[in-house]
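entry03.cif follows (mmCIF, C-alpha atoms and all ligand atoms):
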data_protein
loop_
_atom_site.label_atom_id
_atom_site.label_comp_id
_atom_site.auth_asym_id
_atom_site.auth_seq_id
_atom_site.Cartn_x
_atom_site.Cartn_y
_atom_site.Cartn_z
CA GLU A 1 83.19 130.05 96.70
CA LYS A 2 82.03 128.29 99.82
CA ALA A 3 78.48 128.21 98.48
CA GLY A 4 76.88 129.18 101.78
CA TYR A 5 79.02 126.89 103.91
CA LYS A 6 81.18 128.27 106.73
CA HIS A 7 84.29 126.43 105.70
CA PHE A 8 85.61 124.52 102.73
CA MET A 9 85.92 121.45 104.91
CA GLN A 10 82.23 121.61 105.77
CA LYS A 11 81.33 122.08 102.12
CA GLU A 12 83.55 119.17 101.14
CA ILE A 13 82.02 116.88 103.75
CA TYR A 14 78.60 117.71 102.33
CA GLU A 15 79.75 117.16 98.77
CA GLN A 16 80.58 113.51 99.35
CA PRO A 17 77.40 111.93 97.99
CA ARG A 18 77.89 113.87 94.75
CA ALA A 19 81.62 113.16 94.63
CA ILE A 20 81.08 109.42 94.97
CA THR A 21 78.31 109.41 92.38
CA ASP A 22 80.70 111.14 89.95
CA THR A 23 83.56 108.78 90.79
CA ILE A 24 81.64 105.58 90.10
CA ARG A 25 79.50 106.86 87.22
CA GLY A 26 79.73 104.76 84.06
CA LYS A 27 82.09 102.27 85.67
CA TYR A 28 79.71 99.40 86.32
CA SER A 29 76.82 97.57 84.72
CA LEU A 30 73.96 95.99 86.60
CA ASP A 31 73.09 93.86 83.57
CA ASP A 32 76.20 91.72 83.66
CA GLY A 33 77.45 92.64 87.14
CA MET A 34 80.72 93.93 85.71
CA VAL A 35 83.02 96.78 86.59
CA TYR A 36 84.46 98.58 83.57
CA LEU A 37 87.70 100.52 83.97
CA THR A 38 88.37 101.56 80.39
CA GLU A 39 91.35 103.60 81.58
CA LEU A 40 93.12 100.28 82.23
CA GLU A 41 92.24 98.62 78.93
CA ALA A 42 95.65 99.20 77.37
CA ILE A 43 97.43 97.40 80.23
CA GLU A 44 94.89 94.68 80.89
CA ASP A 45 97.19 91.90 79.70
CA ARG A 46 99.85 92.98 82.15
CA LEU A 47 97.30 93.17 84.95
CA LYS A 48 96.09 89.63 84.28
CA VAL A 49 99.42 88.18 85.30
CA ILE A 50 100.17 90.20 88.42
CA GLU A 51 100.75 88.19 91.57
CA ARG A 52 101.21 90.85 94.22
CA ILE A 53 100.08 94.39 94.87
CA GLN A 54 101.89 97.21 96.64
CA ILE A 55 99.90 100.26 97.64
CA VAL A 56 101.93 103.29 98.64
CA ALA A 57 100.74 106.68 99.89
CA CYS A 58 100.98 109.25 102.70
CA GLY A 59 98.57 110.48 105.37
CA THR A 60 94.91 110.08 104.61
CA SER A 61 95.67 108.46 101.27
CA TRP A 62 97.66 105.82 103.14
CA HIS A 63 94.58 105.13 105.26
CA ALA A 64 92.61 104.63 102.05
CA GLY A 65 95.31 102.17 101.02
CA LEU A 66 94.84 100.19 104.24
CA VAL A 67 91.14 99.88 103.44
CA GLY A 68 92.10 98.93 99.88
CA LYS A 69 94.05 95.95 101.21
CA PHE A 70 90.90 94.55 102.84
CA LEU A 71 88.80 95.11 99.73
CA ILE A 72 91.28 93.77 97.17
CA GLU A 73 92.29 90.74 99.22
CA LYS A 74 88.65 89.93 99.88
CA PHE A 75 87.43 90.45 96.32
CA ALA A 76 90.40 89.43 94.17
CA LYS A 77 92.44 87.23 96.56
CA ILE A 78 95.68 88.92 95.57
CA PRO A 79 98.13 89.63 98.42
CA VAL A 80 98.45 93.35 99.10
CA GLU A 81 101.15 95.20 101.01
CA VAL A 82 100.50 98.78 102.08
CA ASP A 83 103.33 101.17 102.79
CA ILE A 84 103.87 104.75 103.78
CA ALA A 85 105.75 106.28 100.86
CA SER A 86 108.61 107.74 102.92
CA GLU A 87 109.24 104.25 104.34
CA TYR A 88 108.87 102.34 101.10
CA ARG A 89 111.33 104.45 99.17
CA TYR A 90 114.14 103.78 101.63
CA ARG A 91 113.53 100.14 102.47
CA ASN A 92 114.68 98.07 99.48
CA PRO A 93 111.23 96.79 98.51
CA ILE A 94 111.01 93.53 96.57
CA VAL A 95 109.56 94.36 93.18
CA ASP A 96 109.35 92.64 89.79
CA GLY A 97 107.12 92.58 86.72
CA LYS A 98 104.46 90.62 88.62
CA VAL A 99 103.86 93.52 90.98
CA LEU A 100 101.04 95.98 90.55
CA PHE A 101 102.11 99.20 92.24
CA ILE A 102 99.29 101.55 93.25
CA PRO A 103 100.23 105.05 94.40
CA ILE A 104 97.27 106.86 95.95
CA SER A 105 97.40 110.65 96.04
CA GLN A 106 94.79 113.37 96.09
CA SER A 107 97.17 115.99 94.71
CA GLY A 108 99.36 113.75 92.56
CA GLU A 109 102.32 115.85 93.70
CA THR A 110 103.39 114.31 96.99
CA ALA A 111 107.19 114.04 96.80
CA ASP A 112 107.59 110.77 98.71
CA THR A 113 104.82 109.03 96.79
CA LEU A 114 106.31 110.13 93.49
CA ALA A 115 109.77 108.90 94.52
CA ALA A 116 108.31 105.53 95.57
CA LEU A 117 106.54 105.26 92.21
CA ARG A 118 109.78 105.92 90.32
CA LEU A 119 111.56 103.27 92.34
CA ALA A 120 108.87 100.61 91.78
CA LYS A 121 108.63 101.43 88.09
CA SER A 122 112.38 101.20 87.61
CA MET A 123 112.19 97.69 89.05
CA GLY A 124 109.52 96.60 86.56
CA ALA A 125 106.21 97.10 88.37
CA VAL A 126 103.02 98.02 86.51
CA VAL A 127 101.86 101.34 87.94
CA VAL A 128 98.19 102.24 88.29
CA SER A 129 97.65 105.43 90.26
CA ILE A 130 94.54 106.67 92.02
CA CYS A 131 94.52 110.44 91.85
CA ASN A 132 92.24 113.47 91.99
CA VAL A 133 94.22 115.91 89.85
CA ILE A 134 94.29 115.46 86.11
CA GLY A 135 97.75 115.70 84.57
CA SER A 136 99.57 115.81 87.92
CA SER A 137 103.12 114.43 88.23
CA ILE A 138 102.07 111.05 89.61
CA THR A 139 99.55 110.46 86.82
CA ARG A 140 102.08 111.44 84.15
CA GLU A 141 104.50 108.76 85.33
CA SER A 142 101.91 105.99 85.76
CA ASP A 143 101.00 103.30 83.23
CA GLY A 144 97.36 103.99 83.99
CA THR A 145 95.36 106.24 86.31
CA ILE A 146 91.92 105.88 87.79
CA TYR A 147 90.72 109.37 88.64
CA THR A 148 88.65 110.16 91.66
CA HIS A 149 86.11 112.79 90.72
CA ALA A 150 85.99 114.57 94.04
CA GLY A 151 86.44 117.98 92.42
CA PRO A 152 88.97 120.44 93.87
CA GLU A 153 89.61 119.84 97.56
CA ILE A 154 90.60 123.10 99.24
CA GLY A 155 90.47 122.19 102.94
CA VAL A 156 93.84 120.94 104.14
CA ALA A 157 92.11 118.10 105.98
CA SER A 158 91.18 115.59 103.34
CA THR A 159 87.54 114.46 103.34
CA LYS A 160 85.91 113.89 99.98
CA ALA A 161 89.22 112.88 98.42
CA PHE A 162 89.40 110.05 100.97
CA THR A 163 85.91 108.66 100.42
CA THR A 164 86.29 108.83 96.64
CA GLN A 165 89.59 106.95 96.97
CA LEU A 166 87.71 104.29 98.93
CA ALA A 167 85.06 104.04 96.22
CA THR A 168 87.77 103.71 93.57
CA LEU A 169 89.61 100.98 95.46
CA TYR A 170 86.32 99.16 95.87
CA LEU A 171 85.74 99.25 92.10
CA LEU A 172 89.34 98.24 91.43
CA GLY A 173 88.92 95.28 93.78
CA ILE A 174 85.92 94.03 91.82
CA TYR A 175 87.69 94.68 88.51
CA LEU A 176 90.70 92.63 89.61
CA ALA A 177 88.33 89.92 90.84
CA GLN A 178 86.93 89.75 87.31
CA LEU A 179 90.43 89.30 85.87
CA LYS A 180 91.20 86.59 88.41
CA GLY A 181 87.75 84.96 88.36
CA THR A 182 87.37 85.17 92.13
CA LEU A 183 83.83 86.58 92.43
CA ASP A 184 80.83 85.16 90.61
CA LYS A 185 78.20 87.35 89.03
CA ASP A 186 75.84 87.28 92.01
CA GLU A 187 78.58 88.27 94.40
CA ARG A 188 79.70 91.09 92.13
CA LEU A 189 76.14 92.32 91.79
CA ARG A 190 75.73 92.31 95.55
CA TYR A 191 78.86 94.40 96.04
CA ILE A 192 78.09 96.77 93.18
CA ASP A 193 74.61 97.25 94.53
CA ALA A 194 76.02 98.16 97.95
CA LEU A 195 78.38 100.69 96.34
CA ILE A 196 75.58 102.36 94.40
CA LYS A 197 73.79 102.92 97.70
CA VAL A 198 76.78 104.69 99.27
CA PRO A 199 75.79 108.26 98.24
CA GLU A 200 72.43 107.68 99.91
CA ASP A 201 74.08 106.10 102.96
CA ILE A 202 76.30 109.16 103.33
CA SER A 203 73.36 111.52 102.87
CA SER A 204 71.72 109.89 105.84
CA VAL A 205 74.82 110.61 107.95
CA LEU A 206 74.72 114.26 106.85
CA THR A 207 71.45 114.60 108.77
CA LEU A 208 73.39 113.80 111.97
CA ASP A 209 75.47 116.98 111.70
CA GLU A 210 73.83 118.82 114.62
CA LYS A 211 73.70 115.75 116.78
CA ILE A 212 77.41 115.24 116.32
CA GLU A 213 78.02 118.92 117.05
CA GLU A 214 76.24 118.48 120.41
CA LEU A 215 78.51 115.56 121.13
CA ALA A 216 81.59 117.58 120.15
CA LYS A 217 80.59 120.24 122.69
CA LYS A 218 81.04 117.66 125.43
CA PHE A 219 84.48 116.59 124.26
CA LYS A 220 86.20 119.60 122.75
CA GLU A 221 88.21 120.27 125.92
CA SER A 222 89.64 116.74 126.03
CA ARG A 223 93.37 116.62 125.54
CA ASN A 224 93.57 113.02 124.40
CA PHE A 225 91.47 110.57 122.47
CA LEU A 226 91.67 106.95 121.43
CA TYR A 227 90.00 105.74 118.23
CA LEU A 228 89.44 102.01 117.99
CA GLY A 229 88.06 99.83 115.24
CA ARG A 230 88.60 96.38 113.82
CA ASN A 231 89.09 94.92 110.40
CA ILE A 232 88.01 97.24 107.60
CA ASN A 233 87.11 99.90 110.14
CA TYR A 234 90.54 99.93 111.75
CA PRO A 235 91.88 102.31 109.06
CA VAL A 236 88.79 104.44 109.67
CA ALA A 237 89.90 104.69 113.30
CA LEU A 238 93.31 105.88 112.11
CA GLU A 239 91.67 108.41 109.83
CA GLY A 240 89.33 109.68 112.56
CA ALA A 241 92.31 110.19 114.87
CA LEU A 242 94.29 111.98 112.15
CA LYS A 243 91.38 114.33 111.41
CA LEU A 244 91.06 115.24 115.08
CA LYS A 245 94.81 115.84 115.45
CA GLU A 246 95.12 117.91 112.32
CA ILE A 247 92.38 120.43 112.87
CA SER A 248 91.55 120.47 116.58
CA TYR A 249 95.11 119.81 117.86
CA ILE A 250 93.69 117.27 120.31
CA HIS A 251 96.08 114.36 120.60
CA ALA A 252 94.45 111.24 119.24
CA GLU A 253 95.68 107.73 118.50
CA GLY A 254 94.06 105.18 116.26
CA TYR A 255 94.48 101.49 117.06
CA PRO A 256 93.02 98.16 116.07
CA ALA A 257 90.63 97.51 118.98
CA GLY A 258 92.28 94.15 119.66
CA GLU A 259 95.61 95.84 120.30
CA MET A 260 94.22 97.82 123.21
CA LYS A 261 95.25 95.32 125.83
CA HIS A 262 98.78 95.27 124.50
CA GLY A 263 99.48 98.77 125.73
CA PRO A 264 97.01 101.57 125.22
CA ILE A 265 94.67 100.20 127.88
CA ALA A 266 97.10 101.63 130.44
CA LEU A 267 95.95 105.08 129.36
CA ILE A 268 92.30 104.50 130.18
CA ASP A 269 90.78 106.46 133.03
CA LYS A 270 87.86 108.86 133.40
CA ASN A 271 89.69 111.49 131.38
CA MET A 272 90.25 109.29 128.36
CA PRO A 273 87.46 109.30 125.82
CA VAL A 274 87.44 106.38 123.40
CA PHE A 275 85.77 106.63 120.02
CA PHE A 276 84.72 103.13 118.96
CA ILE A 277 83.69 102.11 115.50
CA ALA A 278 81.32 99.34 116.39
CA THR A 279 79.07 98.82 113.41
CA ASP A 280 77.63 95.38 112.67
CA SER A 281 80.23 92.98 111.34
CA HIS A 282 81.50 89.45 111.75
CA ILE A 283 83.72 90.82 114.49
CA TYR A 284 81.24 93.10 116.29
CA GLU A 285 81.10 90.96 119.46
CA LYS A 286 84.85 91.34 119.90
CA THR A 287 84.57 95.11 119.66
CA LEU A 288 81.76 95.04 122.21
CA SER A 289 84.06 93.26 124.66
CA ASN A 290 86.62 96.02 124.13
CA ILE A 291 83.95 98.59 124.99
CA GLU A 292 83.26 96.71 128.21
CA GLU A 293 86.96 96.71 129.03
CA VAL A 294 87.11 100.49 128.63
CA LYS A 295 84.00 101.00 130.76
CA ALA A 296 85.39 98.75 133.48
CA ARG A 297 88.26 101.24 133.76
CA ASP A 298 86.03 104.33 133.84
CA GLY A 299 86.83 105.41 130.28
CA VAL A 300 84.20 107.38 128.39
CA VAL A 301 82.88 105.62 125.29
CA ILE A 302 81.46 107.12 122.14
CA ALA A 303 80.30 104.34 119.82
CA VAL A 304 79.34 104.49 116.19
CA ALA A 305 76.91 101.61 115.78
CA THR A 306 74.38 100.23 113.34
CA GLU A 307 70.76 101.34 113.60
CA GLY A 308 68.69 98.84 115.53
CA ASN A 309 71.51 97.90 117.90
CA ASN A 310 69.86 98.67 121.24
CA GLU A 311 72.19 96.58 123.33
CA ILE A 312 75.06 99.00 122.84
CA LEU A 313 73.09 101.80 124.54
CA LYS A 314 73.62 99.93 127.81
CA LYS A 315 77.36 99.79 127.33
CA ALA A 316 78.50 103.00 125.66
CA ASP A 317 78.08 106.50 127.08
CA TYR A 318 77.12 108.00 123.71
CA VAL A 319 75.96 106.25 120.57
CA ILE A 320 75.78 107.60 117.03
CA TYR A 321 73.72 105.35 114.80
CA VAL A 322 74.39 104.86 111.13
CA LYS A 323 72.37 102.98 108.52
CA LYS A 324 72.84 99.27 108.09
CA THR A 325 75.02 98.49 105.09
CA VAL A 326 77.09 95.51 104.04
CA GLU A 327 80.30 95.35 106.06
CA GLU A 328 82.42 96.46 103.10
CA THR A 329 80.62 99.78 102.70
CA SER A 330 80.28 100.61 106.41
CA ILE A 331 83.57 102.51 106.04
CA PHE A 332 81.76 105.34 104.30
CA THR A 333 79.19 106.08 106.98
CA THR A 334 81.63 105.65 109.86
CA THR A 335 84.17 107.92 108.18
CA VAL A 336 81.68 110.74 107.78
CA VAL A 337 80.75 110.57 111.47
CA ALA A 338 84.44 110.90 112.37
CA GLN A 339 84.88 113.80 109.92
CA PHE A 340 81.98 115.71 111.48
CA PHE A 341 83.24 115.04 114.97
CA ALA A 342 86.68 116.47 114.23
CA TYR A 343 85.21 119.38 112.29
CA HIS A 344 82.95 120.37 115.16
CA CYS A 345 85.57 119.97 117.88
CA ALA A 346 87.86 122.29 115.89
CA THR A 347 85.29 124.95 114.97
CA LEU A 348 83.90 125.01 118.53
CA LEU A 349 87.45 125.69 119.69
CA GLY A 350 87.57 128.60 117.24
CA LEU A 351 90.30 127.07 115.09
CA ASP A 352 90.88 127.54 111.38
CA VAL A 353 89.84 124.16 110.02
CA ASP A 354 90.68 124.95 106.42
CA GLN A 355 94.24 125.96 107.17
CA PRO A 356 95.48 124.25 110.28
CA ARG A 357 98.82 125.35 111.64
CA ASN A 358 102.02 123.86 110.25
CA LEU A 359 100.26 121.95 107.46
CA ALA A 360 100.30 122.35 103.69
CA LYS A 361 97.73 120.98 101.31
CA SER A 362 100.31 119.43 99.09
CA VAL A 363 103.62 118.15 100.44
CA THR A 364 105.95 118.51 97.49
CA VAL A 365 109.17 118.37 99.48
CA GLU A 366 110.56 115.54 101.51
O1 LIG B 1 97.87 114.64 98.00
P1 LIG B 1 98.12 113.37 98.77
O2 LIG B 1 96.92 112.50 98.84
O3 LIG B 1 99.32 112.62 98.26
O4 LIG B 1 98.45 113.85 100.24
C1 LIG B 1 98.82 112.94 101.23
C2 LIG B 1 98.81 113.58 102.60
O5 LIG B 1 99.70 114.66 102.64
C3 LIG B 1 97.40 114.05 103.00
O6 LIG B 1 96.47 113.03 102.96
C4 LIG B 1 97.43 114.64 104.43
O7 LIG B 1 97.67 113.64 105.38
C5 LIG B 1 96.13 115.38 104.73
N1 LIG B 1 96.40 116.59 105.44
C6 LIG B 1 95.15 114.57 105.50
O8 LIG B 1 94.04 115.27 105.92
#
How does this structure look as structure tokens?
Ligand code: M6R
Amino acid sequence: EKAGYKHFMQKEIYEQPRAITDTIRGKYSLDDGMVYLTELEAIEDRLKVIERIQIVACGTSWHAGLVGKFLIEKFAKIPVEVDIASEYRYRNPIVDGKVLFIPISQSGETADTLAALRLAKSMGAVVVSICNVIGSSITRESDGTIYTHAGPEIGVASTKAFTTQLATLYLLGIYLAQLKGTLDKDERLRYIDALIKVPEDISSVLTLDEKIEELAKKFKESRNFLYLGRNINYPVALEGALKLKEISYIHAEGYPAGEMKHGPIALIDKNMPVFFIATDSHIYEKTLSNIEEVKARDGVVIAVATEGNNEILKKADYVIYVKKTVEETSIFTTTVVAQFFAYHCATLLGLDVDQPRNLAKSVTVE
């Protein structure tokens, strides 16, 4: 079952290049630079007139939604709100027929997400779900579904479901941009081209497995961790922190790096490791200043940076390099580094990564 891997989580981390290839297969053309989502054909007219988007999900799927906001707003220029399902369903959301409601769920059975969907639908929203399980409750109640083709995810800690959700949101962003006319052909081709390279980008991170294990050996006894990132990599910081919490039981918080000085900086001392996502981006210099601020207070810095960035070696205590990509696809490589790090911390501590305490794979009750 585990095909030679020690744990399902490890197998599922390694399956990501294949899972993403399957998820995007047949959905784009390099001839005309178009994304084709035939599953949405029947509701295309309704999608053309939407003015706002609401993405709703829980846990890791909510983190995917936060990334989705960056991608959709950047590509299609449609305002996107992202909510945690258990909040949305009890907060009187403002919904009408001009709202596209996107529930994201690996299982398609999460009770809060399903309840939020029913609420939005009853108020007139068009519902397009992103889901990994064919025929699940959420897909049955949606107007359309884009399936992630991650294959069954057994490990309680979501890995390949997350990265396939990201790939799907990326495609959806370009698709909506086509409907709205917000990206020209060259821009679409550039983004599609970057997405096609993602399986290869992730494969290159898979070769860092042992290196990241060595790093985990140094940090597995830590009791706290901060994960910081900016912009599109801020949700990756949240996801990295959630992975570490879930399977290694090390307390970890994810924050936008710029928020550090509004509170969390008070926590920094020599016992506080900080995991920075500091890949090349229009905002890299700002993240670098945050690294300096942590170092000035004796914090220990692990940085995920882009290959060729030698300057960061002088600032961070440990650097993990990932391939250079466009900013919008850096989320894939940085995520996989964070997945490995959590996986190794947990297994080195002798914990059951596939079935962490107190957690269920599918949360079908409130
Ligand atoms: O099946 P769903 O995507 O709706 O599940 C949502 C969350 O329960 C799930 O992502 C949870 O946070 C995972 N344990 C994360 O690793």
Selection as a PyMOL selection string: residues within 10 Å of ligand LIG 1 (chain B) by only C-alpha atoms and all ligand atoms: chain A and resi 56-64+84-85+103-114+130-133+138+153+155-159+161-162+165+239-240+242-247+355-356+359-364
Distance query 12 Å from (87.6, 96.7, 128.7) using all atoms listed in the file, result as a PyMOL selection string: chain A and resi 257-261+264-269+274+286-301+315-316
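Shortest separation to Leu171 in chain A among A:Val337, A:Val128, A:Ile24, A:Ile312 occurs at residue A:Ile24, atoms counted being only C-alpha atoms.
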Find the smallest box with edges along x, y and z containing every listed atom of range 9-14 of chain A, then add 4 Å on each side and report centre and edge lengths in Å to one decimal, as JSON.
{"center_x": 82.3, "center_y": 119.5, "center_z": 103.5, "size_x": 15.3, "size_y": 13.2, "size_z": 12.6}
Can you list, as an mmCIF file with C-alpha atoms, in the coordinates of the input, every protein, DNA or RNA residue that comes within 7 Å of Leu100 in chain A when you count all atoms listed in the file, leaving out same-chain residues fewer than 4 positions away?
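Done, and the output landed in part_3.cif:
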data_model
loop_
_atom_site.group_PDB
_atom_site.id
_atom_site.type_symbol
_atom_site.label_atom_id
_atom_site.label_comp_id
_atom_site.auth_asym_id
_atom_site.auth_seq_id
_atom_site.Cartn_x
_atom_site.Cartn_y
_atom_site.Cartn_z
ATOM 1 C CA ILE A 50 100.170 90.200 88.420
ATOM 2 C CA ARG A 52 101.210 90.850 94.220
ATOM 3 C CA ILE A 53 100.080 94.390 94.870
ATOM 4 C CA GLN A 54 101.890 97.210 96.640
ATOM 5 C CA ALA A 125 106.210 97.100 88.370
ATOM 6 C CA VAL A 126 103.020 98.020 86.510
ATOM 7 C CA VAL A 127 101.860 101.340 87.940
#
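Close contacts of range 180-182 of chain A, defined as residues with an atom at most 12 Å away when counting only C-alpha atoms, with chain neighbours fewer than 4 positions off set aside, comprise A:Met34, A:Glu44, A:Asp45, A:Leu47, A:Lys48, A:Val49, A:Ile50, A:Glu51, A:Ile72, A:Glu73, A:Lys74, A:Phe75, A:Ala76, A:Lys77, A:Ile78, A:Gly173, A:Ile174, A:Tyr175, A:Leu176, A:Asp186, A:Glu187, A:Arg188.
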Which residue of A:Tyr249, A:Phe225, A:Tyr147, A:Tyr14 approaches Asp352 in chain A most closely, using only C-alpha atoms: A:Tyr249
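CA of Arg91 in chain A to CA of Gly254 in chain A spans 24.4 Å [interatomic distance, one decimal].
For Ala167 in chain A, the residues within 8 Å (counting only C-alpha atoms, excluding itself and residues fewer than 3 positions away along the chain) are Ile20, Thr23, Ile24, Thr163, Thr164, Tyr170, Leu171 and Leu195 of chain A.
The two atoms in question, CA of Leu117 in chain A and CA of Arg140 in chain A, are spaced 11.1 Å apart.
Of the residues under consideration (A:Leu351, A:Val95, A:Ile102, A:Leu40), A:Ile102 shows the shortest atom-to-atom contact distance to Gly65 in chain A when counting all atoms listed in the file.
These residues, each with an atom at most 6 Å from (77.6, 93.0, 106.5) using all atoms listed in the file, are Ser281, Val326 and Glu327 of chain A.
Distance annotation: of A:Val82, A:Val336, A:Ala194, A:Ala216, the residue with the minimal separation from Ala237 in chain A is A:Val336; atom set is only C-alpha atoms.
Between Thr21 in chain A and the residues A:Lys220, A:His344, A:Lys197, A:Arg46, the shortest atom-to-atom distance, using all atoms listed in the file, involves A:Lys197.
Between CA of Leu66 in chain A and CA of Ala42 in chain A the separation is 26.9 Å.
For the choices A:Val198, A:Leu349, A:Ala278, A:Leu179, the atom-to-atom distance to Asn309 in chain A is smallest for A:Ala278 when using only C-alpha atoms.
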